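Text of the file entry-v5.txt, holding compact mmCIF, C-alpha atoms:
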```txt
# COMPACT_ATOMS: atom_id res chain seq x y z
CA MET A 1 -23.03 -32.70 -23.89
CA MET A 2 -24.22 -32.85 -27.50
CA SER A 3 -21.94 -32.25 -30.48
CA VAL A 4 -23.32 -30.64 -33.64
CA ASN A 5 -21.29 -30.16 -36.81
CA ASN A 6 -23.60 -27.76 -38.64
CA TRP A 7 -25.02 -24.35 -38.01
CA SER A 8 -28.63 -24.75 -36.96
CA ARG A 9 -30.96 -22.78 -34.73
CA PRO A 10 -31.50 -24.14 -31.20
CA SER A 11 -33.76 -27.20 -31.31
CA THR A 12 -37.25 -26.80 -29.95
CA ALA A 13 -36.37 -29.38 -27.32
CA SER A 14 -33.79 -26.97 -25.92
CA VAL A 15 -36.30 -24.13 -25.63
CA ARG A 16 -37.99 -24.02 -22.29
CA ASN A 17 -40.82 -21.75 -23.36
CA ARG A 18 -41.57 -22.14 -27.07
CA MET A 19 -43.70 -19.00 -27.10
CA ALA A 20 -40.91 -16.86 -25.65
CA ARG A 21 -38.85 -14.65 -27.93
CA PRO A 22 -35.20 -15.78 -28.25
CA LEU A 23 -32.52 -13.49 -26.83
CA CYS A 24 -28.82 -13.96 -27.59
CA ILE A 25 -26.09 -13.29 -25.01
CA SER A 26 -22.54 -13.31 -26.35
CA THR A 27 -19.95 -13.93 -23.64
CA LEU A 28 -16.93 -16.05 -22.61
CA ASP A 29 -16.72 -19.83 -22.89
CA LEU A 30 -18.84 -20.69 -19.84
CA ALA A 31 -17.69 -24.32 -19.92
CA TYR A 32 -14.15 -23.11 -19.18
CA PHE A 33 -14.62 -19.92 -17.13
CA ARG A 34 -17.08 -21.30 -14.59
CA HIS A 35 -16.53 -18.66 -11.90
CA GLY A 36 -15.90 -14.93 -11.64
CA GLY A 37 -17.60 -11.66 -12.37
CA VAL A 38 -18.33 -12.30 -16.05
CA VAL A 39 -20.07 -15.60 -15.32
CA THR A 40 -22.09 -13.98 -12.53
CA LYS A 41 -23.14 -11.18 -14.89
CA ALA A 42 -24.08 -13.53 -17.71
CA ILE A 43 -26.20 -15.82 -15.54
CA VAL A 44 -28.00 -12.96 -13.76
CA PHE A 45 -28.66 -11.25 -17.09
CA ALA A 46 -30.14 -14.48 -18.48
CA ARG A 47 -32.23 -14.93 -15.35
CA ILE A 48 -33.74 -11.44 -15.59
CA ALA A 49 -34.34 -11.86 -19.35
CA ARG A 50 -36.24 -15.08 -18.72
CA GLU A 51 -38.33 -13.38 -16.04
CA GLU A 52 -39.15 -10.70 -18.63
CA GLY A 53 -40.57 -13.28 -21.04
CA PHE A 54 -37.55 -14.01 -23.25
CA GLU A 55 -35.79 -17.32 -23.85
CA PRO A 56 -32.09 -16.44 -23.48
CA PHE A 57 -29.28 -18.55 -24.91
CA PHE A 58 -25.51 -18.06 -24.84
CA LEU A 59 -23.19 -17.68 -27.81
CA THR A 60 -19.55 -18.27 -26.85
CA PRO A 61 -16.20 -19.07 -28.45
CA SER A 62 -14.74 -22.41 -27.42
CA VAL A 63 -11.34 -22.48 -25.76
CA ASP A 64 -10.92 -26.12 -26.81
CA LEU A 65 -7.73 -25.22 -28.68
CA HIS A 66 -6.87 -28.84 -29.55
CA ARG A 67 -10.10 -29.23 -31.46
CA THR A 68 -9.82 -25.78 -33.06
CA VAL A 69 -6.20 -26.22 -34.18
CA ARG A 70 -6.94 -29.70 -35.57
CA ARG A 71 -9.79 -28.36 -37.67
CA THR A 72 -7.69 -25.38 -38.82
CA ILE A 73 -4.91 -27.69 -40.01
CA ARG A 74 -7.48 -29.73 -41.93
CA PHE A 75 -8.73 -26.54 -43.61
CA HIS A 76 -12.23 -26.68 -42.17
CA LYS A 77 -13.68 -23.26 -42.86
CA THR A 78 -16.73 -23.76 -40.64
CA PRO A 79 -15.89 -24.01 -36.93
CA ILE A 80 -17.52 -26.74 -34.94
CA LEU A 81 -20.67 -25.89 -33.02
CA ARG A 82 -21.44 -27.66 -29.76
CA GLU A 83 -24.54 -27.28 -27.68
CA ILE A 84 -24.28 -27.73 -23.92
CA GLN A 85 -26.41 -26.86 -20.92
CA PHE A 86 -24.93 -24.42 -18.44
CA SER A 87 -26.83 -23.42 -15.32
CA ARG A 88 -30.14 -24.39 -16.99
CA TYR A 89 -29.45 -22.33 -20.11
CA THR A 90 -28.50 -23.47 -23.61
CA CYS A 91 -24.95 -22.51 -24.52
CA HIS A 92 -23.68 -22.71 -28.11
CA GLN A 93 -19.89 -23.01 -28.27
CA LEU A 94 -18.27 -22.08 -31.57
CA GLY A 95 -14.70 -22.90 -32.43
CA VAL A 96 -12.73 -19.87 -33.64
CA LEU A 97 -9.92 -19.96 -36.20
CA PHE A 98 -6.67 -18.52 -34.82
CA PRO A 99 -8.10 -17.50 -31.40
CA GLU A 100 -4.61 -16.52 -30.21
CA LEU A 101 -5.22 -13.21 -32.01
CA GLU A 102 -7.09 -11.11 -29.45
CA TYR A 103 -9.36 -9.41 -31.98
CA ASN A 104 -10.27 -12.82 -33.44
CA ALA A 105 -11.58 -14.32 -30.19
CA HIS A 106 -15.23 -13.76 -31.16
CA ARG A 107 -14.95 -13.78 -34.95
CA PHE A 108 -17.23 -16.38 -36.54
CA PRO A 109 -18.03 -17.02 -40.26
CA HIS A 110 -20.65 -14.42 -41.17
CA ALA A 111 -22.93 -16.50 -43.40
CA GLY A 112 -23.18 -19.40 -40.97
CA LEU A 113 -23.74 -17.11 -38.00
CA LYS A 114 -26.49 -15.20 -39.84
CA ARG A 115 -28.32 -18.45 -40.64
CA PHE A 116 -27.91 -19.56 -37.04
CA LEU A 117 -29.36 -16.40 -35.52
CA GLY A 118 -32.15 -16.19 -38.10
CA GLU A 119 -34.58 -13.30 -37.85
CA PRO A 120 -33.54 -10.20 -35.86
CA ILE A 121 -33.62 -10.90 -32.13
CA PRO A 122 -32.42 -8.95 -29.08
CA CYS A 123 -28.63 -9.30 -28.85
CA PHE A 124 -26.38 -8.42 -25.93
CA ALA A 125 -22.66 -8.75 -25.23
CA VAL A 126 -22.09 -9.46 -21.53
CA SER A 127 -18.40 -9.94 -20.90
CA GLY A 128 -15.09 -8.62 -19.57
CA ASN A 129 -14.14 -6.31 -22.42
CA ASN A 130 -16.56 -5.50 -25.21
CA HIS A 131 -15.09 -7.72 -27.96
CA ALA A 132 -17.87 -10.23 -27.29
CA ALA A 133 -20.10 -7.94 -29.36
CA ARG A 134 -18.07 -8.58 -32.51
CA PRO A 135 -20.48 -11.21 -33.98
CA PHE A 136 -23.31 -8.66 -33.92
CA LEU A 137 -21.11 -5.86 -35.29
CA ASP A 138 -19.94 -8.04 -38.18
CA LEU A 139 -23.53 -8.85 -39.18
CA GLY A 140 -24.74 -5.25 -38.84
CA MET A 141 -27.22 -6.24 -36.14
CA ASP A 142 -28.58 -4.04 -33.37
CA PHE A 143 -27.09 -4.84 -29.96
CA SER A 144 -26.29 -3.47 -26.53
CA ILE A 145 -23.30 -4.23 -24.32
CA TRP A 146 -22.46 -4.69 -20.64
CA PRO A 147 -18.64 -4.90 -20.42
CA GLY A 148 -16.60 -4.87 -17.24
CA ALA A 149 -13.68 -2.82 -18.59
CA THR A 150 -12.34 -1.19 -21.71
CA TYR A 151 -9.97 -3.29 -23.81
CA TRP A 152 -6.65 -1.77 -22.69
CA GLU A 153 -7.61 -1.53 -19.01
CA ASP A 154 -8.57 -5.20 -19.15
CA CYS A 155 -5.25 -6.45 -20.47
CA ARG A 156 -2.49 -3.84 -20.04
CA HIS A 157 -1.04 -5.25 -16.80
CA ARG A 158 -1.01 -8.78 -18.21
CA ILE A 159 0.81 -7.61 -21.33
CA ALA A 160 3.21 -5.28 -19.52
CA ASN A 161 4.28 -7.97 -17.06
CA ALA A 162 4.53 -10.83 -19.56
CA PRO A 163 8.02 -11.97 -20.61
CA TRP A 164 9.03 -11.27 -24.17
CA SER A 165 7.57 -14.03 -26.31
CA LEU A 166 5.45 -14.56 -29.42
CA ARG A 167 2.37 -14.02 -27.23
CA LYS A 168 3.53 -10.58 -26.08
CA VAL A 169 4.59 -9.55 -29.59
CA LEU A 170 1.19 -10.54 -30.96
CA ASP A 171 -0.65 -8.65 -28.21
CA LEU A 172 1.34 -5.46 -28.79
CA ALA A 173 1.16 -5.71 -32.59
CA THR A 174 -2.60 -6.21 -32.60
CA LYS A 175 -3.36 -3.53 -29.99
CA PRO A 176 -4.36 -0.88 -32.61
CA VAL A 177 -6.67 -3.38 -34.31
CA CYS A 178 -8.28 -4.28 -30.98
CA GLU A 179 -8.78 -0.63 -30.07
CA ASN A 180 -10.34 0.16 -33.45
CA LEU A 181 -12.69 -2.80 -32.99
CA GLU A 182 -13.59 -1.53 -29.52
CA ARG A 183 -14.34 1.96 -30.83
CA ALA A 184 -16.58 0.54 -33.56
CA ILE A 185 -18.47 -1.58 -31.01
CA PHE A 186 -19.00 1.34 -28.63
CA GLN A 187 -20.15 3.50 -31.53
CA LYS A 188 -22.64 0.94 -32.88
CA ALA A 189 -24.05 -0.23 -29.52
CA GLY A 190 -27.57 0.96 -28.84
CA ARG A 191 -26.97 1.03 -25.08
CA ILE A 192 -23.71 0.81 -23.11
CA ALA A 193 -23.92 -0.48 -19.55
CA VAL A 194 -20.72 -0.62 -17.48
CA ASP A 195 -20.04 -2.04 -14.03
CA THR A 196 -18.63 1.08 -12.36
CA ARG A 197 -18.04 4.80 -12.71
CA TYR A 198 -14.37 3.96 -13.27
CA THR A 199 -15.14 1.98 -16.44
CA ARG A 200 -17.62 4.64 -17.53
CA ASP A 201 -14.84 7.25 -17.29
CA CYS A 202 -12.49 5.00 -19.28
CA ALA A 203 -15.09 4.59 -22.04
CA LEU A 204 -15.95 8.27 -22.22
CA HIS A 205 -12.26 9.13 -22.33
CA ILE A 206 -12.22 7.34 -25.70
CA ASP A 207 -15.22 9.33 -26.96
CA PRO A 208 -17.29 11.69 -24.75
CA SER A 209 -20.18 11.57 -27.24
CA TRP A 210 -21.21 8.16 -25.84
CA ASP A 211 -22.26 9.78 -22.57
CA GLY A 212 -25.98 9.86 -23.41
CA LYS A 213 -26.25 6.11 -23.99
CA THR A 214 -23.96 4.98 -21.15
CA THR A 215 -25.15 3.95 -17.71
CA VAL A 216 -23.64 2.19 -14.68
CA ILE A 217 -25.09 -1.20 -13.68
CA PRO A 218 -23.14 -2.98 -10.91
CA VAL A 219 -22.71 -6.73 -10.96
CA PRO A 220 -25.38 -8.06 -8.58
CA VAL A 221 -24.76 -10.63 -5.85
CA ASP A 222 -27.15 -13.33 -4.68
CA THR A 223 -27.58 -12.10 -1.11
CA ASP A 224 -29.47 -15.27 -0.18
CA VAL A 225 -26.32 -17.30 -0.85
CA TYR A 226 -23.79 -14.70 0.28
CA GLN A 227 -25.01 -13.77 3.75
CA PRO A 228 -23.48 -13.44 7.23
CA VAL A 229 -23.20 -16.27 9.77
CA PRO A 230 -24.16 -15.68 13.42
CA GLN A 231 -20.69 -16.04 14.94
CA PRO A 232 -17.92 -15.64 12.35
CA ALA A 233 -14.50 -17.00 13.33
CA HIS A 234 -12.58 -13.90 12.14
CA ASN A 235 -9.41 -16.00 12.06
CA SER A 236 -8.30 -15.42 8.48
CA LEU A 237 -7.62 -12.95 5.71
CA VAL A 238 -9.00 -14.08 2.36
CA PHE A 239 -7.81 -13.35 -1.17
CA ILE A 240 -9.75 -14.65 -4.18
CA GLY A 241 -8.44 -14.55 -7.75
CA ARG A 242 -5.85 -15.97 -10.11
CA LEU A 243 -2.64 -15.85 -8.11
CA SER A 244 -0.60 -15.66 -11.32
CA ASP A 245 -2.50 -12.66 -12.75
CA PRO A 246 -0.20 -9.60 -12.56
CA ARG A 247 -3.23 -7.35 -12.07
CA LYS A 248 -4.03 -9.07 -8.76
CA ASN A 249 -0.69 -7.92 -7.28
CA LEU A 250 -0.36 -10.86 -4.87
CA LYS A 251 3.10 -9.78 -3.72
CA LEU A 252 1.67 -6.72 -1.99
CA LEU A 253 -0.56 -8.91 0.16
CA LEU A 254 2.23 -11.36 0.96
CA ASP A 255 4.54 -8.52 2.01
CA ALA A 256 1.82 -6.95 4.17
CA PHE A 257 1.08 -10.28 5.87
CA ALA A 258 4.78 -10.69 6.63
CA LEU A 259 4.72 -7.30 8.39
CA CYS A 260 1.60 -7.79 10.51
CA GLY A 261 1.49 -11.56 10.91
CA GLU A 262 3.82 -11.79 13.92
CA SER A 263 1.59 -9.48 15.99
CA LEU A 264 -1.56 -11.41 14.94
CA PRO A 265 -0.69 -15.04 15.73
CA ARG A 266 -4.27 -16.31 15.31
CA ILE A 267 -4.69 -14.98 11.77
CA GLU A 268 -4.10 -17.16 8.73
CA LEU A 269 -3.94 -16.09 5.08
CA HIS A 270 -6.25 -18.06 2.77
CA LEU A 271 -5.56 -17.76 -0.96
CA ILE A 272 -8.36 -19.04 -3.21
CA GLY A 273 -7.58 -19.42 -6.90
CA ALA A 274 -5.37 -20.98 -9.53
CA SER A 275 -1.60 -20.58 -9.39
CA ASP A 276 1.58 -21.54 -11.19
CA SER A 277 5.09 -22.49 -10.08
CA THR A 278 6.26 -18.88 -9.60
CA GLU A 279 3.58 -18.04 -7.04
CA GLN A 280 3.94 -21.40 -5.32
CA GLU A 281 7.64 -20.67 -4.84
CA LEU A 282 6.74 -17.28 -3.27
CA LEU A 283 4.40 -19.02 -0.81
CA LYS A 284 6.96 -21.68 0.02
CA ASN A 285 9.64 -19.11 0.89
CA HIS A 286 7.37 -16.76 2.84
CA PRO A 287 8.45 -16.19 6.48
CA LEU A 288 4.95 -17.17 7.64
CA ALA A 289 4.48 -20.00 5.15
CA SER A 290 3.00 -22.30 7.80
CA ARG A 291 0.05 -19.93 8.18
CA ILE A 292 -0.69 -19.50 4.48
CA ARG A 293 -3.21 -21.88 2.93
CA TRP A 294 -3.53 -22.14 -0.83
CA LEU A 295 -7.06 -23.37 -1.57
CA HIS A 296 -7.31 -24.49 -5.19
CA GLY A 297 -10.38 -26.07 -6.74
CA ILE A 298 -12.71 -25.61 -3.79
CA SER A 299 -16.49 -25.57 -4.29
CA GLU A 300 -18.64 -22.46 -4.34
CA GLU A 301 -20.09 -23.44 -0.95
CA GLU A 302 -16.62 -23.71 0.56
CA LYS A 303 -15.66 -20.34 -0.90
CA VAL A 304 -18.71 -18.74 0.71
CA ARG A 305 -17.80 -20.24 4.10
CA HIS A 306 -14.27 -18.87 3.87
CA ILE A 307 -15.59 -15.37 3.11
CA GLN A 308 -18.16 -15.54 5.92
CA ASN A 309 -15.55 -16.40 8.53
CA ALA A 310 -12.83 -14.02 7.36
CA LEU A 311 -11.67 -11.00 9.30
CA ALA A 312 -11.47 -9.21 5.94
CA LEU A 313 -11.34 -9.85 2.23
CA ILE A 314 -8.19 -8.32 0.72
CA ILE A 315 -8.01 -6.84 -2.79
CA PRO A 316 -4.39 -5.78 -3.49
CA SER A 317 -4.96 -5.31 -7.24
CA PHE A 318 -3.50 -2.78 -9.61
CA GLN A 319 -6.77 -2.77 -11.59
CA GLU A 320 -10.29 -4.16 -11.19
CA GLY A 321 -13.16 -3.42 -13.54
CA PHE A 322 -15.59 -4.19 -10.72
CA GLY A 323 -14.17 -6.62 -8.16
CA ILE A 324 -16.95 -9.19 -7.74
CA THR A 325 -15.24 -10.80 -4.74
CA GLY A 326 -15.49 -7.52 -2.86
CA ALA A 327 -19.23 -7.36 -3.50
CA GLU A 328 -19.62 -10.98 -2.35
CA ALA A 329 -17.68 -10.20 0.83
CA LEU A 330 -19.86 -7.18 1.64
CA ALA A 331 -22.97 -9.33 1.23
CA CYS A 332 -21.47 -11.75 3.78
CA GLY A 333 -20.88 -8.88 6.21
CA THR A 334 -17.11 -9.17 5.71
CA PRO A 335 -15.20 -5.86 5.49
CA VAL A 336 -13.02 -5.27 2.43
CA ILE A 337 -9.49 -3.88 2.46
CA SER A 338 -8.69 -2.75 -1.07
CA THR A 339 -6.23 -0.69 -3.03
CA ARG A 340 -7.60 2.14 -5.18
CA CYS A 341 -7.72 -0.03 -8.27
CA GLY A 342 -10.74 1.39 -10.08
CA GLY A 343 -13.87 -0.70 -9.73
CA THR A 344 -13.76 -1.31 -5.99
CA GLU A 345 -13.87 2.43 -5.31
CA ASP A 346 -17.57 2.41 -6.19
CA HIS A 347 -18.63 0.10 -3.35
CA VAL A 348 -15.86 0.05 -0.72
CA ILE A 349 -16.65 3.03 1.49
CA PRO A 350 -13.74 3.91 3.84
CA GLY A 351 -14.76 3.70 7.48
CA GLU A 352 -18.20 2.34 6.62
CA ASN A 353 -17.70 -1.12 5.13
CA GLY A 354 -13.95 -1.38 4.74
CA PHE A 355 -10.68 0.41 3.93
CA LEU A 356 -9.46 2.01 0.70
CA LEU A 357 -5.67 2.29 0.79
CA GLN A 358 -3.95 5.42 -0.44
CA SER A 359 -0.90 3.62 -1.81
CA PHE A 360 0.57 0.25 -2.76
CA ASP A 361 2.81 0.30 0.32
CA PRO A 362 2.73 -3.00 2.28
CA SER A 363 3.04 -1.12 5.59
CA GLU A 364 -0.22 0.76 4.94
CA MET A 365 -2.04 -2.49 4.21
CA SER A 366 -0.55 -4.20 7.27
CA ASP A 367 -1.60 -1.24 9.47
CA ALA A 368 -5.19 -1.54 8.20
CA ILE A 369 -5.24 -5.28 8.90
CA ARG A 370 -3.79 -4.81 12.36
CA HIS A 371 -6.21 -1.97 13.18
CA LEU A 372 -9.23 -4.08 12.21
CA ALA A 373 -7.99 -7.23 13.96
CA LYS A 374 -7.50 -5.48 17.31
CA ASP A 375 -10.84 -3.64 17.41
CA PRO A 376 -13.87 -5.99 17.83
CA ALA A 377 -16.28 -3.05 17.98
CA LEU A 378 -15.00 -1.83 14.60
CA GLN A 379 -15.36 -5.33 13.16
CA GLN A 380 -18.98 -5.49 14.25
CA ARG A 381 -19.84 -2.02 12.95
CA LEU A 382 -18.20 -2.52 9.55
CA SER A 383 -19.80 -5.95 9.22
CA GLY A 384 -23.32 -4.67 9.77
CA GLN A 385 -22.85 -1.74 7.41
CA ALA A 386 -21.27 -3.98 4.76
CA ARG A 387 -24.34 -6.22 4.68
CA GLU A 388 -26.68 -3.23 4.66
CA TYR A 389 -24.80 -1.67 1.73
CA ALA A 390 -24.91 -4.91 -0.27
CA LEU A 391 -28.65 -5.31 0.22
CA LYS A 392 -29.33 -1.72 -0.80
CA HIS A 393 -26.99 -1.42 -3.79
CA LEU A 394 -25.62 -4.82 -4.91
CA SER A 395 -28.44 -7.33 -4.47
CA ILE A 396 -30.30 -8.80 -7.44
CA ARG A 397 -33.41 -7.02 -6.19
CA ALA A 398 -31.62 -3.66 -6.26
CA VAL A 399 -30.09 -4.16 -9.73
CA ARG A 400 -33.10 -5.84 -11.40
CA PRO A 401 -34.82 -2.58 -12.53
CA LEU A 402 -31.60 -1.43 -14.22
CA LEU A 403 -31.25 -4.70 -16.13
CA GLN A 404 -34.93 -4.68 -17.07
CA ASN A 405 -34.46 -1.23 -18.60
CA LEU A 406 -31.39 -2.40 -20.53
CA ILE A 407 -33.15 -5.50 -21.87
CA HIS A 408 -36.26 -3.67 -23.04
CA ALA A 409 -34.37 -0.69 -24.43
```

This structure in structure tokens:
Amino acid sequence: MMSVNNWSRPSTASVRNRMARPLCISTLDLAYFRHGGVVTKAIVFARIAREEGFEPFFLTPSVDLHRTVRRTIRFHKTPILREIQFSRYTCHQLGVLFPELEYNAHRFPHAGLKRFLGEPIPCFAVSGNNHAARPFLDLGMDFSIWPGATYWEDCRHRIANAPWSLRKVLDLATKPVCENLERAIFQKAGRIAVDTRYTRDCALHIDPSWDGKTTVIPVPVDTDVYQPVPQPAHNSLVFIGRLSDPRKNLKLLLDAFALCGESLPRIELHLIGASDSTEQELLKNHPLASRIRWLHGISEEEKVRHIQNALALIIPSFQEGFGITGAEALACGTPVISTRCGGTEDHVIPGENGFLLQSFDPSEMSDAIRHLAKDPALQQRLSGQAREYALKHLSIRAVRPLLQNLIHA
């Protein structure tokens, strides 16, 4: 890692093809959020841009709060800029003053940012909600966006379920500011790409006039990495996500497993993701605790193996902008059992590659699990159709033309 304390354009040493035209991708702090749908989107977008003759680089806020707070206290008006390499791409991390304010998460000093970006270049915001486009909006630059969800859909369950604290008060107080920022970004964006029809409907509900410049581009999956194995074990149910995220609705899955677990003695529940003490206490007190495995900090290769050998991937969420884990499971030939939480409804086809539940009732989820576990012919049929669907609709090859159009537009 290299630290830089001034605002300078990327060094020529960091540019792989000096003749290529730079292309800026504003997104999350990739050094902190190393997995998930946003990271997958950002890396695939950069890969396609490079194939199209551009030299992409990332512009991200740093979540190194210790460094940011220290500089704020010392009255440094220019945030620190650090250059790192992430997945073979240059990533410029910028410290943000007062990042605890949601609308401030991507707000950088205008003059320094303008000098850094230099002449007009293609600019894209590829992130969860569209606030990553704020640097381009502030400078009056042309840009396009590829968000996963609208602002309020992205954070409403987290805010609603949070205990009353300064954090919750700040989130509620700044909600109008965040929504006005979102509207301005949508209005200014040259092109709006969204992950699913669900997010498209949410955006057009804000302003139907954006219909003509809005298109759906699903998050692609590397189907060479996520692929079936010859003889899957089918001895587990897999959940992937932050266990402590209220949107993920882990309790529904735990209650459903308690209902069906006794009749399926060979099936374990594998939970992959970060947790806190509250969720760990739920796991400890579960009636089938001995058959629940919490897998924290496993490698990408291990995650793939768990998906490949699962009976099903479970998505019990209240809301998903896309649901990248569902797409990864389909590519592995693993059926998906999901609630109707928005994004997954685009690619989980009931009776073809999985189950879409009609309610958030644990008994309905347990019935679906039990039905799948006791029907090997159904497992085989859904598995084959899941892989076929992923190759046709969710592979990089299938999505590449859509991203090429977005980049060149």

From A:Ala398, A:Ala149, A:Leu330, A:Ala310, residue lying nearest A:Val348 [all atoms listed in the file]: A:Leu330

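If you look at atom CA of A:His234 and atom CA of A:Val304, they are 13.8 Å away from each other.
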
Pick the closest to A:Asn405 from A:Leu28, A:Ala193, A:Ile159, A:Leu269: which is it, counting all atoms listed in the file? A:Ala193

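Between atom CA of A:Arg82 and atom CA of A:Glu51 the separation is 26.0 Å.
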
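Interatomic distance, atom CA of A:Thr215 against atom CA of A:Val194: 6.4 Å.
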
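Around A:Phe355, within 9 Å and counting only C-alpha atoms, the residues found are Pro335, Val336, Ile337, Ser338, Thr339, Val348, Ile349, Pro350 and Ala368 of chain A, once anything fewer than 5 positions away on its own chain is removed.
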
Output for the residues just chosen: C-alpha atoms as a PDB file, keeping the file's coordinate frame:
```
ATOM      1  CA  PRO A 335     -15.200  -5.860   5.490  1.00  0.00           C
ATOM      2  CA  VAL A 336     -13.020  -5.270   2.430  1.00  0.00           C
ATOM      3  CA  ILE A 337      -9.490  -3.880   2.460  1.00  0.00           C
ATOM      4  CA  SER A 338      -8.690  -2.750  -1.070  1.00  0.00           C
ATOM      5  CA  THR A 339      -6.230  -0.690  -3.030  1.00  0.00           C
ATOM      6  CA  VAL A 348     -15.860   0.050  -0.720  1.00  0.00           C
ATOM      7  CA  ILE A 349     -16.650   3.030   1.490  1.00  0.00           C
ATOM      8  CA  PRO A 350     -13.740   3.910   3.840  1.00  0.00           C
ATOM      9  CA  ALA A 368      -5.190  -1.540   8.200  1.00  0.00           C
TER      10      ALA A 368
END
```

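Using all atoms listed in the file, the protein and nucleic acid residues lying no more than 7 Å from stretch 273-282 of chain A, apart from those fewer than 6 places from it along its own chain, are Ile240, Gly241, Arg242, Leu243, Ser244, Leu295 and His296 of chain A.
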
Please produce a file of those selected residues containing C-alpha atoms, as a compact mmCIF listing (two decimals), keeping the file's coordinate frame.
```
# COMPACT_ATOMS: atom_id res chain seq x y z
CA ILE A 240 -9.75 -14.65 -4.18
CA GLY A 241 -8.44 -14.55 -7.75
CA ARG A 242 -5.85 -15.97 -10.11
CA LEU A 243 -2.64 -15.85 -8.11
CA SER A 244 -0.60 -15.66 -11.32
CA LEU A 295 -7.06 -23.37 -1.57
CA HIS A 296 -7.31 -24.49 -5.19
```

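Comparing A:Ala105, A:Val177, A:Ile324, A:Val225 by their smallest distance to A:Gly36, the closest is A:Ile324 (using only C-alpha atoms).
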
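Nearest residue to A:Gln308 among A:His371, A:Ser290, A:Gly343, A:Asn235 is A:Asn235, counting all atoms listed in the file.
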
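Distances to A:Ala331 were evaluated for A:Trp294, A:Phe186, A:Tyr226, A:Phe257 using all atoms listed in the file, and the minimum falls at A:Tyr226.
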
Taking into account all atoms listed in the file, which residue in the set A:Ala133, A:Ala162, A:Ala233, A:Ile407 is nearest to A:His306? A:Ala233

Within 10 Å of (-24.2, -26.0, -10.6), only C-alpha atoms: residues as a ChimeraX atom specification? /A:34,86-88,299-300

Would you be able to write out as a ChimeraX atom specification which residues have an atom within 8 Å of (-9.6, 4.4, -15.9) in the file's coordinates, counting all atoms listed in the file? /A:153,198-199,201-202,342

Hey, could you pull the box centre and edge lengths for stretch 130-141 of chain A, axis-aligned, 8 Å padding per side, all listed atoms, to one decimal in Å, as AutoDock Vina command-line options?
```
--center_x -21.2 --center_y -8.2 --center_z -32.2 --size_x 28.1 --size_y 22.0 --size_z 30.0
```
